[in-house]
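Have a look at run37.pdb below; it lists PDB, C-alpha atoms.
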ATOM      1  CA  MET C   1       0.000   0.000   0.000
ATOM      2  CA  ALA C   2       2.779   2.373   0.930
ATOM      3  CA  GLU C   3       4.422   2.310  -2.475
ATOM      4  CA  THR C   4       1.149   2.682  -4.359
ATOM      5  CA  GLN C   5       0.024   5.715  -2.418
ATOM      6  CA  SER C   6       1.800   8.181  -4.631
ATOM      7  CA  LYS C   7      -0.031   6.890  -7.673
ATOM      8  CA  VAL C   8      -3.235   8.382  -8.895
ATOM      9  CA  ARG C   9      -6.333   6.347  -8.285
ATOM     10  CA  LEU C  10      -9.567   7.254  -9.969
ATOM     11  CA  ARG C  11     -13.041   5.844 -10.010
ATOM     12  CA  GLU C  12     -14.595   4.433 -13.085
ATOM     13  CA  TYR C  13     -17.929   5.889 -14.096
ATOM     14  CA  GLU C  14     -20.323   5.543 -16.930
ATOM     15  CA  THR C  15     -22.832   8.086 -18.077
ATOM     16  CA  LEU C  16     -25.650   7.352 -20.447
ATOM     17  CA  PHE C  17     -27.521  10.246 -21.912
ATOM     18  CA  LEU C  18     -30.395  10.565 -24.299
ATOM     19  CA  VAL C  19     -30.325  13.165 -27.004
ATOM     20  CA  ARG C  20     -33.409  14.423 -28.740
ATOM     21  CA  ALA C  21     -34.074  12.482 -31.917
ATOM     22  CA  GLU C  22     -34.404  15.660 -33.985
ATOM     23  CA  SER C  23     -30.786  16.616 -33.445
ATOM     24  CA  THR C  24     -28.445  15.990 -36.335
ATOM     25  CA  ASP C  25     -25.433  13.702 -36.277
ATOM     26  CA  GLU C  26     -23.168  16.741 -36.126
ATOM     27  CA  GLN C  27     -24.940  18.011 -33.044
ATOM     28  CA  VAL C  28     -24.555  14.647 -31.366
ATOM     29  CA  ASP C  29     -20.890  14.539 -32.313
ATOM     30  CA  ALA C  30     -20.365  18.038 -30.966
ATOM     31  CA  LEU C  31     -22.081  17.071 -27.744
ATOM     32  CA  ARG C  32     -19.882  14.018 -27.415
ATOM     33  CA  GLU C  33     -16.744  16.070 -27.936
ATOM     34  CA  ARG C  34     -17.939  18.601 -25.396
ATOM     35  CA  VAL C  35     -18.359  15.888 -22.774
ATOM     36  CA  ARG C  36     -15.001  14.421 -23.679
ATOM     37  CA  GLY C  37     -13.482  17.863 -23.295
ATOM     38  CA  ILE C  38     -14.972  18.279 -19.834
ATOM     39  CA  ILE C  39     -13.694  14.904 -18.716
ATOM     40  CA  ASN C  40     -10.168  15.502 -19.914
ATOM     41  CA  ARG C  41     -10.121  19.075 -18.616
ATOM     42  CA  GLU C  42     -11.247  18.114 -15.120
ATOM     43  CA  GLY C  43      -8.502  15.582 -14.641
ATOM     44  CA  GLY C  44     -10.379  12.519 -15.775
ATOM     45  CA  LYS C  45      -9.728  10.078 -18.526
ATOM     46  CA  ALA C  46     -12.326   9.410 -21.181
ATOM     47  CA  LEU C  47     -12.224   5.740 -22.089
ATOM     48  CA  ARG C  48     -14.896   5.141 -24.630
ATOM     49  CA  PHE C  49     -17.915   6.735 -26.156
ATOM     50  CA  SER C  50     -20.510   4.657 -27.849
ATOM     51  CA  THR C  51     -23.331   6.219 -29.721
ATOM     52  CA  ALA C  52     -26.412   4.265 -30.602
ATOM     53  CA  GLY C  53     -28.493   5.592 -33.435
ATOM     54  CA  LYS C  54     -32.046   6.574 -32.841
ATOM     55  CA  LYS C  55     -33.702   3.996 -30.670
ATOM     56  CA  LYS C  56     -37.282   3.554 -29.757
ATOM     57  CA  THR C  57     -37.812   4.471 -26.147
ATOM     58  CA  ALA C  58     -39.964   2.347 -23.880
ATOM     59  CA  TYR C  59     -42.255   5.284 -23.324
ATOM     60  CA  PRO C  60     -42.480   8.696 -24.955
ATOM     61  CA  ILE C  61     -40.070  11.280 -23.581
ATOM     62  CA  GLU C  62     -41.249  14.821 -24.121
ATOM     63  CA  LYS C  63     -43.721  13.424 -26.614
ATOM     64  CA  ALA C  64     -40.980  11.873 -28.735
ATOM     65  CA  ALA C  65     -40.967   8.111 -29.257
ATOM     66  CA  ARG C  66     -37.287   7.947 -30.171
ATOM     67  CA  ALA C  67     -34.007   9.202 -28.848
ATOM     68  CA  THR C  68     -30.302   8.882 -29.525
ATOM     69  CA  TYR C  69     -28.432   7.055 -26.786
ATOM     70  CA  VAL C  70     -24.873   8.122 -26.046
ATOM     71  CA  HIS C  71     -22.843   6.167 -23.537
ATOM     72  CA  ALA C  72     -19.583   7.395 -22.062
ATOM     73  CA  SER C  73     -17.243   5.446 -19.831
ATOM     74  CA  TYR C  74     -14.493   7.348 -18.122
ATOM     75  CA  LEU C  75     -12.294   7.621 -15.076
ATOM     76  CA  GLY C  76     -12.570  10.525 -12.721
ATOM     77  CA  ASP C  77     -13.763  11.683  -9.345
ATOM     78  CA  SER C  78     -17.069  12.865  -7.977
ATOM     79  CA  LYS C  79     -16.416  16.484  -8.910
ATOM     80  CA  LEU C  80     -15.989  15.478 -12.501
ATOM     81  CA  VAL C  81     -19.306  13.631 -12.509
ATOM     82  CA  ALA C  82     -20.997  16.648 -10.989
ATOM     83  CA  GLU C  83     -19.509  18.858 -13.672
ATOM     84  CA  VAL C  84     -20.543  16.519 -16.476
ATOM     85  CA  GLU C  85     -24.062  16.289 -15.129
ATOM     86  CA  ARG C  86     -24.299  20.035 -14.639
ATOM     87  CA  ASN C  87     -23.428  20.525 -18.291
ATOM     88  CA  LEU C  88     -25.849  17.876 -19.483
ATOM     89  CA  ARG C  89     -28.587  19.502 -17.478
ATOM     90  CA  ASN C  90     -27.941  22.792 -19.242
ATOM     91  CA  ILE C  91     -28.048  21.353 -22.728
ATOM     92  CA  ASP C  92     -31.556  21.464 -24.084
ATOM     93  CA  ASN C  93     -30.967  18.622 -26.499
ATOM     94  CA  VAL C  94     -30.254  16.176 -23.693
ATOM     95  CA  VAL C  95     -33.477  14.785 -22.318
ATOM     96  CA  ARG C  96     -32.213  12.151 -19.865
ATOM     97  CA  PHE C  97     -28.942  11.190 -18.293
ATOM     98  CA  LEU C  98     -27.780   8.606 -15.816
ATOM     99  CA  SER C  99     -24.346   8.274 -14.219
ATOM    100  CA  ILE C 100     -23.196   5.177 -12.414
ATOM    101  CA  LYS C 101     -19.997   4.318 -10.610
ATOM    102  CA  LEU C 102     -18.552   1.080 -11.917
ATOM    103  CA  ALA C 103     -15.387   0.656  -9.899
ATOM    104  CA  ASP C 104     -13.291   2.235  -7.187
ATOM    105  CA  GLU C 105      -9.562   2.753  -7.084
ATOM    106  CA  VAL C 106      -8.700   2.273 -10.720
ATOM    107  CA  ASP C 107      -5.187   2.956 -11.886
ATOM    108  CA  PRO C 108      -5.560   5.162 -14.992
ATOM    109  CA  GLU C 109      -2.452   3.597 -16.523
ATOM    110  CA  THR C 110      -4.091   0.215 -16.754
ATOM    111  CA  ARG C 111      -7.096   1.374 -18.704
ATOM    112  CA  PRO C 112      -6.499   2.168 -22.352
ATOM    113  CA  VAL C 113      -8.458   4.769 -24.220
ATOM    114  CA  LEU C 114     -10.620   2.836 -26.629
ATOM    115  CA  GLU C 115     -12.014   3.640 -30.022
ATOM    116  CA  ASP C 116     -15.388   5.261 -30.151
ATOM    117  CA  VAL C 117     -18.152   2.924 -31.151
ATOM    118  CA  LYS C 118     -21.196   3.604 -33.232
ATOM    119  CA  VAL C 119     -24.078   1.207 -32.922
ATOM    120  CA  ALA C 120     -26.898   1.314 -35.385
ATOM    121  CA  GLY C 121     -30.238   2.296 -33.952
ATOM    122  CA  ASP C 122     -33.461   0.553 -34.793
ATOM    123  CA  GLU C 123     -34.503   3.245 -37.230
ATOM    124  CA  ASP C 124     -37.205   1.297 -38.976
ATOM    125  CA  VAL C 125     -36.555  -2.271 -37.910
ATOM    126  CA  ARG C 126     -39.402  -3.075 -35.589
ATOM    127  CA  PRO C 127     -42.417  -0.856 -35.286
ATOM    128  CA  VAL C 128     -43.453  -2.441 -31.989
ATOM    129  CA  ALA C 129     -41.321  -4.341 -29.499
ATOM    130  CA  ALA C 130     -41.833  -7.993 -30.301
ATOM    131  CA  ASP C 131     -43.359 -10.166 -27.631
ATOM    132  CA  GLU C 132     -43.691 -13.449 -29.417
ATOM    133  CA  GLY C 133     -45.087 -16.656 -28.008
ATOM    134  CA  ARG C 134     -46.716 -15.083 -25.011
ATOM    135  CA  SER C 135     -50.188 -14.435 -26.251
ATOM    136  CA  ALA C 136     -51.709 -17.158 -24.086
ATOM    137  CA  ALA C 137     -50.239 -15.682 -20.961
ATOM    138  CA  ARG C 138     -51.279 -12.216 -21.970
ATOM    139  CA  ASP C 139     -55.006 -12.961 -21.818
ATOM    140  CA  ASP C 140     -54.593 -14.367 -18.377
ATOM    141  CA  ASP C 141     -52.546 -11.375 -17.293
ATOM    142  CA  SER C 142     -54.846  -8.657 -18.480
ATOM    143  CA  ASP C 143     -57.868 -10.260 -16.866
ATOM    144  CA  ARG C 144     -56.198 -10.357 -13.540
ATOM    145  CA  ASP C 145     -54.916  -6.828 -13.664
ATOM    146  CA  GLU C 146     -58.264  -5.439 -14.539
ATOM    147  CA  ALA C 147     -59.790  -7.352 -11.687
ATOM    148  CA  SER C 148     -57.304  -6.007  -9.193
ATOM    149  CA  GLU C 149     -57.709  -2.436 -10.361
ATOM    150  CA  GLY C 150     -61.504  -2.495 -10.130
TER
ATOM    151  CA  MET R 151     -49.097 -34.122   3.062
ATOM    152  CA  THR R 152     -51.523 -36.924   3.795
ATOM    153  CA  GLY R 153     -50.586 -36.666   7.410
ATOM    154  CA  ILE R 154     -51.802 -33.109   7.524
ATOM    155  CA  GLU R 155     -55.088 -33.992   5.953
ATOM    156  CA  LYS R 156     -55.711 -36.674   8.537
ATOM    157  CA  THR R 157     -55.257 -34.243  11.383
ATOM    158  CA  PRO R 158     -57.134 -31.129  10.416
ATOM    159  CA  SER R 159     -57.364 -30.120  14.033
ATOM    160  CA  GLY R 160     -53.714 -29.013  14.062
ATOM    161  CA  PRO R 161     -54.350 -25.280  13.796
ATOM    162  CA  ALA R 162     -50.823 -24.079  13.141
ATOM    163  CA  ARG R 163     -50.161 -26.476  10.298
ATOM    164  CA  HIS R 164     -53.509 -25.909   8.768
ATOM    165  CA  SER R 165     -53.133 -22.178   8.649
ATOM    166  CA  SER R 166     -49.651 -22.368   7.212
ATOM    167  CA  ASP R 167     -50.950 -24.632   4.502
ATOM    168  CA  ARG R 168     -53.629 -22.166   3.642
ATOM    169  CA  GLY R 169     -51.073 -19.413   3.563
ATOM    170  CA  ASP R 170     -49.101 -21.278   0.931
ATOM    171  CA  ARG R 171     -52.117 -21.671  -1.243
ATOM    172  CA  GLY R 172     -52.967 -18.017  -0.898
ATOM    173  CA  GLY R 173     -49.519 -17.128  -2.137
ATOM    174  CA  ASP R 174     -50.007 -19.302  -5.183
ATOM    175  CA  ARG R 175     -53.201 -17.598  -6.071
ATOM    176  CA  GLY R 176     -51.689 -14.178  -5.649
ATOM    177  CA  ASP R 177     -48.951 -14.641  -8.175
ATOM    178  CA  ARG R 178     -50.924 -16.420 -10.825
ATOM    179  CA  GLY R 179     -51.198 -13.289 -12.869
ATOM    180  CA  ASP R 180     -47.470 -13.101 -13.304
ATOM    181  CA  ARG R 181     -47.133 -16.798 -13.804
ATOM    182  CA  GLY R 182     -49.458 -17.114 -16.739
ATOM    183  CA  ASP R 183     -46.926 -18.590 -19.088
ATOM    184  CA  ARG R 184     -45.506 -20.846 -16.426
ATOM    185  CA  GLY R 185     -48.648 -22.833 -15.821
ATOM    186  CA  ASP R 186     -46.747 -26.100 -16.141
ATOM    187  CA  ARG R 187     -44.897 -25.534 -12.925
ATOM    188  CA  GLY R 188     -48.033 -24.634 -11.053
ATOM    189  CA  GLY R 189     -49.513 -27.954 -12.163
ATOM    190  CA  ASP R 190     -46.581 -29.795 -10.655
ATOM    191  CA  ASP R 191     -47.090 -28.053  -7.377
ATOM    192  CA  ASP R 192     -50.704 -29.068  -7.216
ATOM    193  CA  LYS R 193     -49.906 -32.715  -7.768
ATOM    194  CA  ARG R 194     -47.522 -32.718  -4.860
ATOM    195  CA  GLY R 195     -49.892 -30.880  -2.626
ATOM    196  CA  GLY R 196     -48.071 -27.584  -2.889
ATOM    197  CA  ARG R 197     -45.037 -28.965  -1.151
ATOM    198  CA  GLY R 198     -42.813 -30.061  -3.974
ATOM    199  CA  PHE R 199     -40.326 -28.101  -5.961
ATOM    200  CA  GLY R 200     -41.794 -28.082  -9.428
ATOM    201  CA  ARG R 201     -38.391 -27.685 -10.979
ATOM    202  CA  LYS R 202     -35.130 -26.821  -9.392
ATOM    203  CA  LYS R 203     -34.623 -23.132 -10.051
ATOM    204  CA  VAL R 204     -31.147 -21.779 -10.422
ATOM    205  CA  CYS R 205     -29.838 -18.278 -10.476
ATOM    206  CA  ARG R 206     -28.569 -17.714 -13.984
ATOM    207  CA  PHE R 207     -26.084 -15.113 -12.855
ATOM    208  CA  CYS R 208     -24.549 -17.566 -10.385
ATOM    209  CA  VAL R 209     -24.401 -20.345 -12.954
ATOM    210  CA  ASP R 210     -22.801 -18.191 -15.599
ATOM    211  CA  ARG R 211     -19.890 -16.383 -14.014
ATOM    212  CA  ASP R 212     -19.393 -14.143 -17.030
ATOM    213  CA  ALA R 213     -22.908 -12.789 -16.907
ATOM    214  CA  VAL R 214     -23.136  -9.424 -15.249
ATOM    215  CA  VAL R 215     -26.264  -7.491 -14.505
ATOM    216  CA  ASP R 216     -26.199  -4.406 -16.649
ATOM    217  CA  PHE R 217     -28.947  -1.837 -16.922
ATOM    218  CA  LYS R 218     -28.141  -1.342 -20.604
ATOM    219  CA  ASP R 219     -28.664  -5.012 -21.403
ATOM    220  CA  GLN R 220     -32.270  -4.815 -22.411
ATOM    221  CA  ALA R 221     -32.462  -8.333 -23.802
ATOM    222  CA  THR R 222     -31.390  -9.973 -20.536
ATOM    223  CA  LEU R 223     -33.478  -7.771 -18.311
ATOM    224  CA  LYS R 224     -36.561  -8.575 -20.329
ATOM    225  CA  TYR R 225     -36.481 -12.050 -18.839
ATOM    226  CA  PHE R 226     -37.087 -10.540 -15.448
ATOM    227  CA  VAL R 227     -40.052  -8.341 -16.187
ATOM    228  CA  THR R 228     -43.580  -9.266 -17.138
ATOM    229  CA  GLU R 229     -45.198  -7.979 -20.284
ATOM    230  CA  ARG R 230     -46.699  -5.266 -18.179
ATOM    231  CA  GLY R 231     -43.246  -4.252 -17.091
ATOM    232  CA  LYS R 232     -43.441  -5.538 -13.545
ATOM    233  CA  ILE R 233     -40.372  -7.084 -11.964
ATOM    234  CA  ILE R 234     -40.761 -10.846 -11.677
ATOM    235  CA  PRO R 235     -40.359 -12.013  -8.076
ATOM    236  CA  ARG R 236     -37.454 -14.096  -6.986
ATOM    237  CA  ARG R 237     -39.555 -17.140  -6.196
ATOM    238  CA  ILE R 238     -40.428 -17.351  -9.854
ATOM    239  CA  SER R 239     -37.321 -16.069 -11.598
ATOM    240  CA  GLY R 240     -35.120 -18.244  -9.390
ATOM    241  CA  ASN R 241     -32.486 -15.581  -8.864
ATOM    242  CA  CYS R 242     -30.463 -15.661  -5.692
ATOM    243  CA  ALA R 243     -31.006 -12.780  -3.285
ATOM    244  CA  LEU R 244     -27.871 -10.941  -4.332
ATOM    245  CA  HIS R 245     -28.581 -11.089  -8.014
ATOM    246  CA  GLN R 246     -32.258 -10.339  -7.613
ATOM    247  CA  ARG R 247     -31.245  -7.086  -5.923
ATOM    248  CA  ASP R 248     -28.883  -6.334  -8.777
ATOM    249  CA  VAL R 249     -31.527  -7.158 -11.339
ATOM    250  CA  ALA R 250     -34.155  -5.050  -9.598
ATOM    251  CA  LYS R 251     -31.787  -2.106  -9.453
ATOM    252  CA  ALA R 252     -30.810  -2.526 -13.085
ATOM    253  CA  ILE R 253     -34.459  -2.658 -14.134
ATOM    254  CA  LYS R 254     -35.203   0.526 -12.261
ATOM    255  CA  ARG R 255     -32.253   2.260 -13.860
ATOM    256  CA  ALA R 256     -33.292   1.017 -17.266
ATOM    257  CA  ARG R 257     -36.756   2.422 -16.675
ATOM    258  CA  GLY R 258     -35.274   5.811 -15.927
ATOM    259  CA  VAL R 259     -33.596   5.981 -19.322
ATOM    260  CA  ALA R 260     -36.573   4.515 -21.154
ATOM    261  CA  LEU R 261     -34.954   1.204 -22.004
ATOM    262  CA  LEU R 262     -37.719  -0.596 -20.132
ATOM    263  CA  PRO R 263     -41.239   0.637 -19.519
ATOM    264  CA  TYR R 264     -42.545   1.650 -16.141
ATOM    265  CA  SER R 265     -45.834   0.278 -17.237
ATOM    266  CA  ALA R 266     -46.709  -1.214 -20.562
ATOM    267  CA  ALA R 267     -50.135  -1.503 -22.050
ATOM    268  CA  VAL R 268     -51.234  -5.115 -22.402
ATOM    269  CA  GLY R 269     -53.542  -6.445 -25.071
TER
END

Just dump the structure as structure tokens.
Amino acid sequence: MAETQSKVRLREYETLFLVRAESTDEQVDALRERVRGIINREGGKALRFSTAGKKKTAYPIEKAARATYVHASYLGDSKLVAEVERNLRNIDNVVRFLSIKLADEVDPETRPVLEDVKVAGDEDVRPVAADEGRSAARDDDSDRDEASEG
Amino acid sequence: MTGIEKTPSGPARHSSDRGDRGGDRGDRGDRGDRGDRGGDDDKRGGRGFGRKKVCRFCVDRDAVVDFKDQATLKYFVTERGKIIPRRISGNCALHQRDVAKAIKRARGVALLPYSAAVG
């Protein structure tokens, strides 16, 4: 422990944020770079950004059925997370965000900075979330729920 | 089981038995698609283990509970979006807590519904 004390230890965090579906790819890219800038400026280390194309949300957010999901994983401390979240809150295009601590006491040297990833959204793949092979159970379910509500 | 039926005067046992059955009735809505297991229970007088349930996160060491993993979490919610209880999903206590937390996080970022319309 004594010899490792001089080394920097950071926590690993991930932040997922949802960007309005109307925003263009350039806007999303700019947003991503802005967050990356904050992380690197505040003494953190941005590891990876992955951007999912427009995805259908489970429920409408601000009356929109879709949103772009951007996920960032980075090393930093609590001040950095607060700063990132403060910025996200001030950006009108960001409708939701969620930050989670993944690990404590990470040595920044051991974690490489990874390539950004782009995942395709489900632009026009499935209109409705598929729930196959459950129709029998569904009848049963709905009956019961109605009964309990009444 | 037959022993209990022969001595219905035993109040403690009788009431506990009734309690079990009440529990079964209560969760039938969520069971729906798992009727086969319920049938097993009935045959053994509500005492048997229909099928040995295992926690999939304990069995598979590589599997981690992740709020972004929509496909996995879907196993642990009903069509309505309710969290499936541990006695049915078979998760161990630790992983059920993780799963529940992950589901709630996923709801917050609209990966899973708080409540989905059925039918």

### Query
Exactly which residues make up the result of the PyMOL selection byres ((chain R and resi 207-210) around 10) on this file, given as a PyMOL selection string?
chain R and resi 204-206+211-215+241-242+244-246+249

Near C:Val113, within 9 Å and counting only C-alpha atoms, which residues show up once chain neighbours fewer than 4 positions away are dropped, as a PDB file with C-alpha atoms, keeping the file's coordinate frame?
ATOM      1  CA  LYS C  45      -9.728  10.078 -18.526  1.00  0.00           C
ATOM      2  CA  ALA C  46     -12.326   9.410 -21.181  1.00  0.00           C
ATOM      3  CA  LEU C  47     -12.224   5.740 -22.089  1.00  0.00           C
ATOM      4  CA  ARG C  48     -14.896   5.141 -24.630  1.00  0.00           C
ATOM      5  CA  TYR C  74     -14.493   7.348 -18.122  1.00  0.00           C
TER       6      TYR C  74
END

### Query
From the list C:Tyr59, C:Phe49, C:Phe17, C:Tyr69, which residue is nearest C:Val94 when using only C-alpha atoms?
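That would be C:Phe17, the residue with the smallest distance to C:Val94.
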
#### Entry: Spatial neighbours of C:Arg9, max dist 9 Å, all atoms listed in the file, sep filter under 2 positions, as JSON, numbers by chain
{"C": [5, 7, 11, 76, 104, 105, 106, 107, 108]}

### Task
Run the PyMOL selection byres ((chain R and resi 217) around 6) against the file shown and list the residues it catches, as JSON, numbers by chain.
{"R": [216, 218, 219, 252, 256]}

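If you look at atom CA of R:Val259 and atom CA of C:Ala82, they are 18.5 Å away from each other.
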
### Task
Report as an MDAnalysis selection string the full result of the PyMOL selection byres ((chain R and resi 260) around 9) when it is applied to this structure.
(chainID C and resid 56:61 96) or (chainID R and resid 255:259 261:264)

#### Entry: Pick from C:Arg41, C:Arg66, C:Arg36, C:Lys118 nearest to C:Val95, counting all atoms listed in the file
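The shortest atom-to-atom distance to C:Val95 comes from C:Arg66.
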
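Using all atoms listed in the file, the contacts of C:Val28 at a cut-off of 12 Å, with sequence neighbours closer than 5 positions omitted, comprise C:Phe17, C:Leu18, C:Val19, C:Arg20, C:Ala21, C:Glu22, C:Ser23, C:Glu33, C:Arg34, C:Val35, C:Phe49, C:Ser50, C:Thr51, C:Ala52, C:Gly53, C:Lys54, C:Ala67, C:Thr68, C:Tyr69, C:Val70, C:His71, C:Ile91, C:Asn93, C:Val94, C:Lys118.
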
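For the pair atom CA of C:Arg32 and atom CA of C:Ala72, the separation is 8.5 Å.
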
### Query
What does the distance between atom CA of R:Ser239 and atom CA of R:Phe226 come to in Å, to one decimal place?
6.7 Å
